[in-house]
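> This one is work-v3.pdb, PDB, N, CA and C atoms, pLDDT in the B column.
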```pdb
MODEL        1
ATOM      1  N   MET A   1       2.043  11.696 -40.011  1.00 84.00           N
ATOM      2  CA  MET A   1       2.995  10.774 -39.439  1.00 84.00           C
ATOM      3  C   MET A   1       3.595  11.422 -38.193  1.00 84.00           C
ATOM      4  N   VAL A   2       3.696  10.663 -37.147  1.00 90.00           N
ATOM      5  CA  VAL A   2       4.246  11.148 -35.882  1.00 90.00           C
ATOM      6  C   VAL A   2       5.386  10.228 -35.460  1.00 90.00           C
ATOM      7  N   ASP A   3       6.537  10.814 -35.144  1.00 95.00           N
ATOM      8  CA  ASP A   3       7.680  10.023 -34.681  1.00 95.00           C
ATOM      9  C   ASP A   3       7.599   9.728 -33.196  1.00 95.00           C
ATOM     10  N   GLY A   4       6.904  10.579 -32.446  1.00 97.00           N
ATOM     11  CA  GLY A   4       6.770  10.403 -31.004  1.00 97.00           C
ATOM     12  C   GLY A   4       5.952  11.532 -30.415  1.00 97.00           C
ATOM     13  N   VAL A   5       5.535  11.367 -29.182  1.00 98.00           N
ATOM     14  CA  VAL A   5       4.730  12.371 -28.483  1.00 98.00           C
ATOM     15  C   VAL A   5       5.376  12.662 -27.141  1.00 98.00           C
ATOM     16  N   MET A   6       5.453  13.951 -26.801  1.00 98.00           N
ATOM     17  CA  MET A   6       5.966  14.366 -25.505  1.00 98.00           C
ATOM     18  C   MET A   6       4.836  15.047 -24.731  1.00 98.00           C
ATOM     19  N   LEU A   7       4.574  14.537 -23.529  1.00 98.00           N
ATOM     20  CA  LEU A   7       3.618  15.157 -22.630  1.00 98.00           C
ATOM     21  C   LEU A   7       4.420  16.008 -21.648  1.00 98.00           C
ATOM     22  N   THR A   8       4.152  17.297 -21.636  1.00 97.00           N
ATOM     23  CA  THR A   8       4.949  18.235 -20.850  1.00 97.00           C
ATOM     24  C   THR A   8       4.417  18.406 -19.432  1.00 97.00           C
ATOM     25  N   GLY A   9       5.154  19.149 -18.660  1.00 95.00           N
ATOM     26  CA  GLY A   9       4.723  19.527 -17.325  1.00 95.00           C
ATOM     27  C   GLY A   9       3.722  20.670 -17.398  1.00 95.00           C
ATOM     28  N   ALA A  10       3.109  20.956 -16.264  1.00 95.00           N
ATOM     29  CA  ALA A  10       2.148  22.060 -16.171  1.00 95.00           C
ATOM     30  C   ALA A  10       1.888  22.361 -14.705  1.00 95.00           C
ATOM     31  N   ARG A  11       1.324  23.516 -14.444  1.00 93.00           N
ATOM     32  CA  ARG A  11       0.987  23.893 -13.074  1.00 93.00           C
ATOM     33  C   ARG A  11      -0.188  23.064 -12.553  1.00 93.00           C
ATOM     34  N   ALA A  12      -1.146  22.784 -13.415  1.00 94.00           N
ATOM     35  CA  ALA A  12      -2.343  22.043 -13.009  1.00 94.00           C
ATOM     36  C   ALA A  12      -2.012  20.585 -12.711  1.00 94.00           C
ATOM     37  N   ASN A  13      -2.780  19.991 -11.815  1.00 93.00           N
ATOM     38  CA  ASN A  13      -2.641  18.580 -11.449  1.00 93.00           C
ATOM     39  C   ASN A  13      -3.681  17.739 -12.174  1.00 93.00           C
ATOM     40  N   VAL A  14      -3.378  16.461 -12.343  1.00 96.00           N
ATOM     41  CA  VAL A  14      -4.362  15.521 -12.883  1.00 96.00           C
ATOM     42  C   VAL A  14      -5.500  15.442 -11.864  1.00 96.00           C
ATOM     43  N   HIS A  15      -6.728  15.539 -12.340  1.00 96.00           N
ATOM     44  CA  HIS A  15      -7.877  15.520 -11.422  1.00 96.00           C
ATOM     45  C   HIS A  15      -7.946  14.168 -10.706  1.00 96.00           C
ATOM     46  N   PRO A  16      -8.097  14.189  -9.383  1.00 94.00           N
ATOM     47  CA  PRO A  16      -8.069  12.959  -8.582  1.00 94.00           C
ATOM     48  C   PRO A  16      -9.129  11.922  -8.950  1.00 94.00           C
ATOM     49  N   THR A  17     -10.225  12.321  -9.548  1.00 94.00           N
ATOM     50  CA  THR A  17     -11.241  11.328  -9.911  1.00 94.00           C
ATOM     51  C   THR A  17     -10.724  10.349 -10.960  1.00 94.00           C
ATOM     52  N   HIS A  18      -9.656  10.721 -11.680  1.00 96.00           N
ATOM     53  CA  HIS A  18      -9.074   9.811 -12.672  1.00 96.00           C
ATOM     54  C   HIS A  18      -8.309   8.665 -12.012  1.00 96.00           C
ATOM     55  N   PHE A  19      -7.985   8.811 -10.724  1.00 93.00           N
ATOM     56  CA  PHE A  19      -7.306   7.714 -10.020  1.00 93.00           C
ATOM     57  C   PHE A  19      -7.999   7.404  -8.692  1.00 93.00           C
ATOM     58  N   ARG A  20      -9.324   7.509  -8.732  1.00 90.00           N
ATOM     59  CA  ARG A  20     -10.217   7.073  -7.643  1.00 90.00           C
ATOM     60  C   ARG A  20      -9.900   7.715  -6.290  1.00 90.00           C
ATOM     61  N   THR A  21      -9.695   9.029  -6.302  1.00 90.00           N
ATOM     62  CA  THR A  21      -9.442   9.785  -5.081  1.00 90.00           C
ATOM     63  C   THR A  21     -10.340  11.008  -5.083  1.00 90.00           C
ATOM     64  N   GLU A  22     -10.714  11.445  -3.909  1.00 90.00           N
ATOM     65  CA  GLU A  22     -11.563  12.631  -3.788  1.00 90.00           C
ATOM     66  C   GLU A  22     -10.740  13.899  -4.009  1.00 90.00           C
ATOM     67  N   PRO A  23     -11.283  14.850  -4.797  1.00 91.00           N
ATOM     68  CA  PRO A  23     -10.582  16.115  -4.974  1.00 91.00           C
ATOM     69  C   PRO A  23     -10.593  16.938  -3.686  1.00 91.00           C
ATOM     70  N   HIS A  24      -9.604  17.780  -3.525  1.00 88.00           N
ATOM     71  CA  HIS A  24      -9.502  18.652  -2.357  1.00 88.00           C
ATOM     72  C   HIS A  24      -9.001  20.013  -2.837  1.00 88.00           C
ATOM     73  N   PRO A  25      -9.547  21.106  -2.316  1.00 90.00           N
ATOM     74  CA  PRO A  25      -9.134  22.436  -2.781  1.00 90.00           C
ATOM     75  C   PRO A  25      -7.623  22.695  -2.683  1.00 90.00           C
ATOM     76  N   SER A  26      -6.957  22.070  -1.736  1.00 85.00           N
ATOM     77  CA  SER A  26      -5.517  22.308  -1.592  1.00 85.00           C
ATOM     78  C   SER A  26      -4.695  21.682  -2.719  1.00 85.00           C
ATOM     79  N   HIS A  27      -5.300  20.828  -3.531  1.00 88.00           N
ATOM     80  CA  HIS A  27      -4.590  20.173  -4.632  1.00 88.00           C
ATOM     81  C   HIS A  27      -4.852  20.850  -5.972  1.00 88.00           C
ATOM     82  N   GLU A  28      -5.661  21.889  -5.975  1.00 92.00           N
ATOM     83  CA  GLU A  28      -5.964  22.617  -7.210  1.00 92.00           C
ATOM     84  C   GLU A  28      -4.743  23.424  -7.646  1.00 92.00           C
ATOM     85  N   PRO A  29      -4.651  23.825  -8.893  1.00 94.00           N
ATOM     86  CA  PRO A  29      -5.677  23.811  -9.926  1.00 94.00           C
ATOM     87  C   PRO A  29      -5.695  22.500 -10.704  1.00 94.00           C
ATOM     88  N   TYR A  30      -6.795  22.272 -11.386  1.00 95.00           N
ATOM     89  CA  TYR A  30      -6.971  21.117 -12.260  1.00 95.00           C
ATOM     90  C   TYR A  30      -7.235  21.615 -13.676  1.00 95.00           C
ATOM     91  N   ASP A  31      -7.040  20.751 -14.647  1.00 97.00           N
ATOM     92  CA  ASP A  31      -7.309  21.082 -16.043  1.00 97.00           C
ATOM     93  C   ASP A  31      -7.985  19.864 -16.675  1.00 97.00           C
ATOM     94  N   LEU A  32      -9.299  19.819 -16.556  1.00 97.00           N
ATOM     95  CA  LEU A  32     -10.057  18.657 -17.031  1.00 97.00           C
ATOM     96  C   LEU A  32      -9.953  18.449 -18.537  1.00 97.00           C
ATOM     97  N   GLN A  33      -9.855  19.531 -19.295  1.00 97.00           N
ATOM     98  CA  GLN A  33      -9.718  19.377 -20.746  1.00 97.00           C
ATOM     99  C   GLN A  33      -8.389  18.718 -21.098  1.00 97.00           C
ATOM    100  N   ARG A  34      -7.334  19.145 -20.445  1.00 97.00           N
ATOM    101  CA  ARG A  34      -6.036  18.499 -20.695  1.00 97.00           C
ATOM    102  C   ARG A  34      -6.070  17.051 -20.252  1.00 97.00           C
ATOM    103  N   ASP A  35      -6.677  16.772 -19.095  1.00 97.00           N
ATOM    104  CA  ASP A  35      -6.783  15.389 -18.624  1.00 97.00           C
ATOM    105  C   ASP A  35      -7.383  14.504 -19.704  1.00 97.00           C
ATOM    106  N   GLY A  36      -8.514  14.927 -20.240  1.00 97.00           N
ATOM    107  CA  GLY A  36      -9.203  14.116 -21.246  1.00 97.00           C
ATOM    108  C   GLY A  36      -8.341  13.845 -22.462  1.00 97.00           C
ATOM    109  N   LEU A  37      -7.663  14.872 -22.937  1.00 98.00           N
ATOM    110  CA  LEU A  37      -6.824  14.711 -24.119  1.00 98.00           C
ATOM    111  C   LEU A  37      -5.580  13.887 -23.814  1.00 98.00           C
ATOM    112  N   ALA A  38      -4.870  14.230 -22.764  1.00 98.00           N
ATOM    113  CA  ALA A  38      -3.594  13.573 -22.471  1.00 98.00           C
ATOM    114  C   ALA A  38      -3.764  12.098 -22.122  1.00 98.00           C
ATOM    115  N   LEU A  39      -4.782  11.762 -21.338  1.00 98.00           N
ATOM    116  CA  LEU A  39      -4.968  10.359 -20.958  1.00 98.00           C
ATOM    117  C   LEU A  39      -5.325   9.512 -22.177  1.00 98.00           C
ATOM    118  N   ALA A  40      -6.190  10.027 -23.042  1.00 98.00           N
ATOM    119  CA  ALA A  40      -6.549   9.300 -24.265  1.00 98.00           C
ATOM    120  C   ALA A  40      -5.361   9.219 -25.222  1.00 98.00           C
ATOM    121  N   LEU A  41      -4.586  10.295 -25.314  1.00 98.00           N
ATOM    122  CA  LEU A  41      -3.426  10.316 -26.197  1.00 98.00           C
ATOM    123  C   LEU A  41      -2.371   9.307 -25.746  1.00 98.00           C
ATOM    124  N   ALA A  42      -2.136   9.223 -24.455  1.00 98.00           N
ATOM    125  CA  ALA A  42      -1.171   8.252 -23.940  1.00 98.00           C
ATOM    126  C   ALA A  42      -1.579   6.832 -24.314  1.00 98.00           C
ATOM    127  N   GLN A  43      -2.838   6.516 -24.123  1.00 98.00           N
ATOM    128  CA  GLN A  43      -3.330   5.177 -24.460  1.00 98.00           C
ATOM    129  C   GLN A  43      -3.217   4.909 -25.957  1.00 98.00           C
ATOM    130  N   ALA A  44      -3.576   5.896 -26.767  1.00 97.00           N
ATOM    131  CA  ALA A  44      -3.515   5.724 -28.224  1.00 97.00           C
ATOM    132  C   ALA A  44      -2.075   5.516 -28.693  1.00 97.00           C
ATOM    133  N   CYS A  45      -1.142   6.240 -28.103  1.00 97.00           N
ATOM    134  CA  CYS A  45       0.268   6.077 -28.489  1.00 97.00           C
ATOM    135  C   CYS A  45       0.754   4.660 -28.204  1.00 97.00           C
ATOM    136  N   VAL A  46       0.456   4.153 -27.035  1.00 97.00           N
ATOM    137  CA  VAL A  46       0.906   2.804 -26.675  1.00 97.00           C
ATOM    138  C   VAL A  46       0.240   1.764 -27.575  1.00 97.00           C
ATOM    139  N   GLU A  47      -1.048   1.930 -27.828  1.00 97.00           N
ATOM    140  CA  GLU A  47      -1.761   0.977 -28.700  1.00 97.00           C
ATOM    141  C   GLU A  47      -1.157   0.932 -30.103  1.00 97.00           C
ATOM    142  N   ARG A  48      -0.661   2.060 -30.578  1.00 96.00           N
ATOM    143  CA  ARG A  48      -0.127   2.156 -31.933  1.00 96.00           C
ATOM    144  C   ARG A  48       1.393   2.018 -31.996  1.00 96.00           C
ATOM    145  N   GLY A  49       2.044   1.846 -30.849  1.00 97.00           N
ATOM    146  CA  GLY A  49       3.492   1.694 -30.831  1.00 97.00           C
ATOM    147  C   GLY A  49       4.242   2.997 -31.076  1.00 97.00           C
ATOM    148  N   ILE A  50       3.612   4.127 -30.783  1.00 97.00           N
ATOM    149  CA  ILE A  50       4.248   5.432 -30.956  1.00 97.00           C
ATOM    150  C   ILE A  50       5.002   5.769 -29.674  1.00 97.00           C
ATOM    151  N   PRO A  51       6.276   6.118 -29.763  1.00 98.00           N
ATOM    152  CA  PRO A  51       7.040   6.479 -28.558  1.00 98.00           C
ATOM    153  C   PRO A  51       6.372   7.619 -27.792  1.00 98.00           C
ATOM    154  N   LEU A  52       6.409   7.506 -26.472  1.00 98.00           N
ATOM    155  CA  LEU A  52       5.746   8.464 -25.596  1.00 98.00           C
ATOM    156  C   LEU A  52       6.719   8.854 -24.501  1.00 98.00           C
ATOM    157  N   PHE A  53       6.881  10.152 -24.282  1.00 98.00           N
ATOM    158  CA  PHE A  53       7.812  10.669 -23.285  1.00 98.00           C
ATOM    159  C   PHE A  53       7.063  11.662 -22.404  1.00 98.00           C
ATOM    160  N   GLY A  54       7.151  11.490 -21.091  1.00 97.00           N
ATOM    161  CA  GLY A  54       6.462  12.384 -20.172  1.00 97.00           C
ATOM    162  C   GLY A  54       7.428  13.110 -19.261  1.00 97.00           C
ATOM    163  N   ILE A  55       7.212  14.402 -19.086  1.00 97.00           N
ATOM    164  CA  ILE A  55       7.996  15.232 -18.184  1.00 97.00           C
ATOM    165  C   ILE A  55       7.059  15.743 -17.095  1.00 97.00           C
ATOM    166  N   CYS A  56       7.397  15.519 -15.851  1.00 94.00           N
ATOM    167  CA  CYS A  56       6.655  16.022 -14.696  1.00 94.00           C
ATOM    168  C   CYS A  56       5.179  15.593 -14.778  1.00 94.00           C
ATOM    169  N   ARG A  57       4.270  16.506 -15.022  1.00 95.00           N
ATOM    170  CA  ARG A  57       2.864  16.139 -15.117  1.00 95.00           C
ATOM    171  C   ARG A  57       2.651  15.105 -16.225  1.00 95.00           C
ATOM    172  N   GLY A  58       3.415  15.208 -17.297  1.00 97.00           N
ATOM    173  CA  GLY A  58       3.274  14.249 -18.388  1.00 97.00           C
ATOM    174  C   GLY A  58       3.522  12.824 -17.939  1.00 97.00           C
ATOM    175  N   LEU A  59       4.500  12.618 -17.068  1.00 96.00           N
ATOM    176  CA  LEU A  59       4.760  11.283 -16.532  1.00 96.00           C
ATOM    177  C   LEU A  59       3.614  10.851 -15.621  1.00 96.00           C
ATOM    178  N   GLN A  60       3.053  11.789 -14.865  1.00 95.00           N
ATOM    179  CA  GLN A  60       1.901  11.481 -14.021  1.00 95.00           C
ATOM    180  C   GLN A  60       0.699  11.082 -14.881  1.00 95.00           C
ATOM    181  N   GLU A  61       0.517  11.777 -16.003  1.00 97.00           N
ATOM    182  CA  GLU A  61      -0.583  11.434 -16.915  1.00 97.00           C
ATOM    183  C   GLU A  61      -0.411  10.018 -17.456  1.00 97.00           C
ATOM    184  N   MET A  62       0.807   9.663 -17.822  1.00 98.00           N
ATOM    185  CA  MET A  62       1.063   8.317 -18.327  1.00 98.00           C
ATOM    186  C   MET A  62       0.729   7.280 -17.253  1.00 98.00           C
ATOM    187  N   ASN A  63       1.136   7.529 -16.029  1.00 97.00           N
ATOM    188  CA  ASN A  63       0.853   6.621 -14.924  1.00 97.00           C
ATOM    189  C   ASN A  63      -0.651   6.441 -14.743  1.00 97.00           C
ATOM    190  N   VAL A  64      -1.384   7.533 -14.694  1.00 97.00           N
ATOM    191  CA  VAL A  64      -2.829   7.482 -14.467  1.00 97.00           C
ATOM    192  C   VAL A  64      -3.547   6.843 -15.659  1.00 97.00           C
ATOM    193  N   ALA A  65      -3.078   7.114 -16.879  1.00 97.00           N
ATOM    194  CA  ALA A  65      -3.717   6.559 -18.079  1.00 97.00           C
ATOM    195  C   ALA A  65      -3.741   5.036 -18.065  1.00 97.00           C
ATOM    196  N   PHE A  66      -2.784   4.430 -17.359  1.00 97.00           N
ATOM    197  CA  PHE A  66      -2.705   2.975 -17.341  1.00 97.00           C
ATOM    198  C   PHE A  66      -3.036   2.381 -15.983  1.00 97.00           C
ATOM    199  N   GLY A  67      -3.852   3.131 -15.202  1.00 96.00           N
ATOM    200  CA  GLY A  67      -4.399   2.583 -13.967  1.00 96.00           C
ATOM    201  C   GLY A  67      -3.633   2.889 -12.700  1.00 96.00           C
ATOM    202  N   GLY A  68      -2.579   3.678 -12.794  1.00 96.00           N
ATOM    203  CA  GLY A  68      -1.807   4.018 -11.608  1.00 96.00           C
ATOM    204  C   GLY A  68      -2.488   5.080 -10.760  1.00 96.00           C
ATOM    205  N   SER A  69      -1.944   5.304  -9.600  1.00 92.00           N
ATOM    206  CA  SER A  69      -2.476   6.333  -8.707  1.00 92.00           C
ATOM    207  C   SER A  69      -1.384   7.356  -8.412  1.00 92.00           C
ATOM    208  N   LEU A  70      -1.786   8.452  -7.812  1.00 91.00           N
ATOM    209  CA  LEU A  70      -0.853   9.505  -7.425  1.00 91.00           C
ATOM    210  C   LEU A  70      -1.117   9.877  -5.976  1.00 91.00           C
ATOM    211  N   HIS A  71      -0.086  10.299  -5.296  1.00 84.00           N
ATOM    212  CA  HIS A  71      -0.240  10.839  -3.941  1.00 84.00           C
ATOM    213  C   HIS A  71      -0.175  12.349  -4.089  1.00 84.00           C
ATOM    214  N   PRO A  72      -1.209  13.074  -3.625  1.00 74.00           N
ATOM    215  CA  PRO A  72      -1.248  14.512  -3.869  1.00 74.00           C
ATOM    216  C   PRO A  72      -0.141  15.303  -3.169  1.00 74.00           C
ATOM    217  N   ARG A  73       0.422  14.775  -2.117  1.00 74.00           N
ATOM    218  CA  ARG A  73       1.476  15.483  -1.381  1.00 74.00           C
ATOM    219  C   ARG A  73       2.595  14.500  -1.011  1.00 74.00           C
ATOM    220  N   SER A  74       3.247  13.932  -2.009  1.00 76.00           N
ATOM    221  CA  SER A  74       4.266  12.914  -1.751  1.00 76.00           C
ATOM    222  C   SER A  74       5.437  13.458  -0.931  1.00 76.00           C
ATOM    223  N   ALA A  75       5.732  14.742  -1.055  1.00 73.00           N
ATOM    224  CA  ALA A  75       6.840  15.323  -0.297  1.00 73.00           C
ATOM    225  C   ALA A  75       6.563  15.329   1.206  1.00 73.00           C
ATOM    226  N   SER A  76       5.294  15.195   1.589  1.00 78.00           N
ATOM    227  CA  SER A  76       4.966  15.194   3.013  1.00 78.00           C
ATOM    228  C   SER A  76       4.943  13.787   3.604  1.00 78.00           C
ATOM    229  N   CYS A  77       5.204  12.773   2.818  1.00 79.00           N
ATOM    230  CA  CYS A  77       5.219  11.396   3.297  1.00 79.00           C
ATOM    231  C   CYS A  77       6.488  11.137   4.113  1.00 79.00           C
ATOM    232  N   PRO A  78       6.388  10.327   5.157  1.00 86.00           N
ATOM    233  CA  PRO A  78       7.592  10.001   5.949  1.00 86.00           C
ATOM    234  C   PRO A  78       8.676   9.400   5.065  1.00 86.00           C
ATOM    235  N   GLY A  79       9.891   9.868   5.218  1.00 84.00           N
ATOM    236  CA  GLY A  79      11.013   9.356   4.466  1.00 84.00           C
ATOM    237  C   GLY A  79      11.193   9.950   3.090  1.00 84.00           C
ATOM    238  N   ALA A  80      10.332  10.879   2.711  1.00 75.00           N
ATOM    239  CA  ALA A  80      10.428  11.476   1.370  1.00 75.00           C
ATOM    240  C   ALA A  80      11.614  12.398   1.253  1.00 75.00           C
TER     241      ALA A  80
ENDMDL
END
```
What do you get writing this file as structure tokens?

Amino acid sequence: MVDGVMLTGARANVHPTHFRTEPHPSHEPYDLQRDGLALALAQACVERGIPLFGICRGLQEMNVAFGGSLHPRSASCPGA
């Protein structure tokens, strides 16, 4: 029995191929094993009505798991 799931932050980024973007060495490191687990886990939690909480990378994983995209360098965008 699980009361909820928390996806934590991490140094690694979600691999860009999960949100239809080309990878670039400046956006590394990546963790493909975590990507596979976290994206599937996020979807499974929502399907089963299990509360899901994401911190930093965890929130990015939730976004990508449901079709969202990420900007690899959002701090460099005008007005950021």
> Using the chain letters and numbers from the file, give me the residues hit by the PyMOL selection byres ((chain A and resi 11-28) around 7), as a list in words.
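Against this file, the PyMOL selection byres ((chain A and resi 11-28) around 7) returns the residues Gly9, Ala10, Pro29, Tyr30, Asp31, Leu32, Asp35, Arg57, Glu61, Val64, Gly67, Gly68, Ser69, Leu70 and Pro72 of chain A.
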> Would you pick out the contacts of segment 38-51 of chain A at 7 Å or less, using all atoms listed in the file, so that residues sharing its chain but fewer than 3 positions from it are not included, and give the list as a list in words?
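Selected residues are Val2, Asp3, Gly4, Val5, Met6, Gln33, Arg34, Asp35, Glu61, Met62, Val64 and Ala65 of chain A.
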> Measure the distance from atom CA of Thr8 of chain A to atom N of Gly36 of chain A in Å and round it to one decimal.
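Taking atom CA of Thr8 of chain A and atom N of Gly36 of chain A, their separation equals 13.9 Å.
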> Kindly list the centre and edge lengths in Å, rounded to one decimal, for the axis-aligned box that covers all listed atoms of segment 63-72 of chain A plus 8 Å on each of its six sides, as AutoDock Vina command-line options.

```
--center_x -1.6 --center_y 8.8 --center_z -10.6 --size_x 21.5 --size_y 28.9 --size_z 30.9
```
> Among chain A, which residues carry a DSSP assignment of strand (DSSP E), reported as a short mmCIF file (atom, residue, chain, number, x, y, z; two decimals) with N, CA and C atoms, in the frame of the given file?

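Below you can see states_26.cif, which holds the result:
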```
data_model
loop_
_atom_site.label_atom_id
_atom_site.label_comp_id
_atom_site.auth_asym_id
_atom_site.auth_seq_id
_atom_site.Cartn_x
_atom_site.Cartn_y
_atom_site.Cartn_z
N VAL A 5 5.54 11.37 -29.18
CA VAL A 5 4.73 12.37 -28.48
C VAL A 5 5.38 12.66 -27.14
N MET A 6 5.45 13.95 -26.80
CA MET A 6 5.97 14.37 -25.50
C MET A 6 4.84 15.05 -24.73
N LEU A 7 4.57 14.54 -23.53
CA LEU A 7 3.62 15.16 -22.63
C LEU A 7 4.42 16.01 -21.65
N LEU A 52 6.41 7.51 -26.47
CA LEU A 52 5.75 8.46 -25.60
C LEU A 52 6.72 8.85 -24.50
N PHE A 53 6.88 10.15 -24.28
CA PHE A 53 7.81 10.67 -23.28
C PHE A 53 7.06 11.66 -22.40
N GLY A 54 7.15 11.49 -21.09
CA GLY A 54 6.46 12.38 -20.17
C GLY A 54 7.43 13.11 -19.26
#
```
> From chain A, collect each residue whose DSSP state is helix (DSSP H, G or I) and return the set as a VMD selection string.
chain A and resid 16 to 19 25 to 27 32 to 48 57 to 65 74 to 76
> Go ahead and save the picked residues with N, CA and C atoms, as a short mmCIF file (atom, residue, chain, number, x, y, z; two decimals), keeping the file's coordinate frame.

```cif
data_model
loop_
_atom_site.label_atom_id
_atom_site.label_comp_id
_atom_site.auth_asym_id
_atom_site.auth_seq_id
_atom_site.Cartn_x
_atom_site.Cartn_y
_atom_site.Cartn_z
N PRO A 16 -8.10 14.19 -9.38
CA PRO A 16 -8.07 12.96 -8.58
C PRO A 16 -9.13 11.92 -8.95
N THR A 17 -10.22 12.32 -9.55
CA THR A 17 -11.24 11.33 -9.91
C THR A 17 -10.72 10.35 -10.96
N HIS A 18 -9.66 10.72 -11.68
CA HIS A 18 -9.07 9.81 -12.67
C HIS A 18 -8.31 8.66 -12.01
N PHE A 19 -7.98 8.81 -10.72
CA PHE A 19 -7.31 7.71 -10.02
C PHE A 19 -8.00 7.40 -8.69
N PRO A 25 -9.55 21.11 -2.32
CA PRO A 25 -9.13 22.44 -2.78
C PRO A 25 -7.62 22.70 -2.68
N SER A 26 -6.96 22.07 -1.74
CA SER A 26 -5.52 22.31 -1.59
C SER A 26 -4.70 21.68 -2.72
N HIS A 27 -5.30 20.83 -3.53
CA HIS A 27 -4.59 20.17 -4.63
C HIS A 27 -4.85 20.85 -5.97
N LEU A 32 -9.30 19.82 -16.56
CA LEU A 32 -10.06 18.66 -17.03
C LEU A 32 -9.95 18.45 -18.54
N GLN A 33 -9.86 19.53 -19.30
CA GLN A 33 -9.72 19.38 -20.75
C GLN A 33 -8.39 18.72 -21.10
N ARG A 34 -7.33 19.14 -20.44
CA ARG A 34 -6.04 18.50 -20.70
C ARG A 34 -6.07 17.05 -20.25
N ASP A 35 -6.68 16.77 -19.10
CA ASP A 35 -6.78 15.39 -18.62
C ASP A 35 -7.38 14.50 -19.70
N GLY A 36 -8.51 14.93 -20.24
CA GLY A 36 -9.20 14.12 -21.25
C GLY A 36 -8.34 13.84 -22.46
N LEU A 37 -7.66 14.87 -22.94
CA LEU A 37 -6.82 14.71 -24.12
C LEU A 37 -5.58 13.89 -23.81
N ALA A 38 -4.87 14.23 -22.76
CA ALA A 38 -3.59 13.57 -22.47
C ALA A 38 -3.76 12.10 -22.12
N LEU A 39 -4.78 11.76 -21.34
CA LEU A 39 -4.97 10.36 -20.96
C LEU A 39 -5.32 9.51 -22.18
N ALA A 40 -6.19 10.03 -23.04
CA ALA A 40 -6.55 9.30 -24.26
C ALA A 40 -5.36 9.22 -25.22
N LEU A 41 -4.59 10.30 -25.31
CA LEU A 41 -3.43 10.32 -26.20
C LEU A 41 -2.37 9.31 -25.75
N ALA A 42 -2.14 9.22 -24.46
CA ALA A 42 -1.17 8.25 -23.94
C ALA A 42 -1.58 6.83 -24.31
N GLN A 43 -2.84 6.52 -24.12
CA GLN A 43 -3.33 5.18 -24.46
C GLN A 43 -3.22 4.91 -25.96
N ALA A 44 -3.58 5.90 -26.77
CA ALA A 44 -3.52 5.72 -28.22
C ALA A 44 -2.08 5.52 -28.69
N CYS A 45 -1.14 6.24 -28.10
CA CYS A 45 0.27 6.08 -28.49
C CYS A 45 0.75 4.66 -28.20
N VAL A 46 0.46 4.15 -27.04
CA VAL A 46 0.91 2.80 -26.68
C VAL A 46 0.24 1.76 -27.58
N GLU A 47 -1.05 1.93 -27.83
CA GLU A 47 -1.76 0.98 -28.70
C GLU A 47 -1.16 0.93 -30.10
N ARG A 48 -0.66 2.06 -30.58
CA ARG A 48 -0.13 2.16 -31.93
C ARG A 48 1.39 2.02 -32.00
N ARG A 57 4.27 16.51 -15.02
CA ARG A 57 2.86 16.14 -15.12
C ARG A 57 2.65 15.10 -16.23
N GLY A 58 3.42 15.21 -17.30
CA GLY A 58 3.27 14.25 -18.39
C GLY A 58 3.52 12.82 -17.94
N LEU A 59 4.50 12.62 -17.07
CA LEU A 59 4.76 11.28 -16.53
C LEU A 59 3.61 10.85 -15.62
N GLN A 60 3.05 11.79 -14.86
CA GLN A 60 1.90 11.48 -14.02
C GLN A 60 0.70 11.08 -14.88
N GLU A 61 0.52 11.78 -16.00
CA GLU A 61 -0.58 11.43 -16.92
C GLU A 61 -0.41 10.02 -17.46
N MET A 62 0.81 9.66 -17.82
CA MET A 62 1.06 8.32 -18.33
C MET A 62 0.73 7.28 -17.25
N ASN A 63 1.14 7.53 -16.03
CA ASN A 63 0.85 6.62 -14.92
C ASN A 63 -0.65 6.44 -14.74
N VAL A 64 -1.38 7.53 -14.69
CA VAL A 64 -2.83 7.48 -14.47
C VAL A 64 -3.55 6.84 -15.66
N ALA A 65 -3.08 7.11 -16.88
CA ALA A 65 -3.72 6.56 -18.08
C ALA A 65 -3.74 5.04 -18.07
N SER A 74 3.25 13.93 -2.01
CA SER A 74 4.27 12.91 -1.75
C SER A 74 5.44 13.46 -0.93
N ALA A 75 5.73 14.74 -1.06
CA ALA A 75 6.84 15.32 -0.30
C ALA A 75 6.56 15.33 1.21
N SER A 76 5.29 15.20 1.59
CA SER A 76 4.97 15.19 3.01
C SER A 76 4.94 13.79 3.60
#
```
> Considering only N, CA and C atoms, state which residue in the set A:His71, A:Pro78, A:Leu37, A:Leu59 is at the smallest distance from Leu7 of chain A.
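Smallest distance to Leu7 of chain A is found for A:Leu59.
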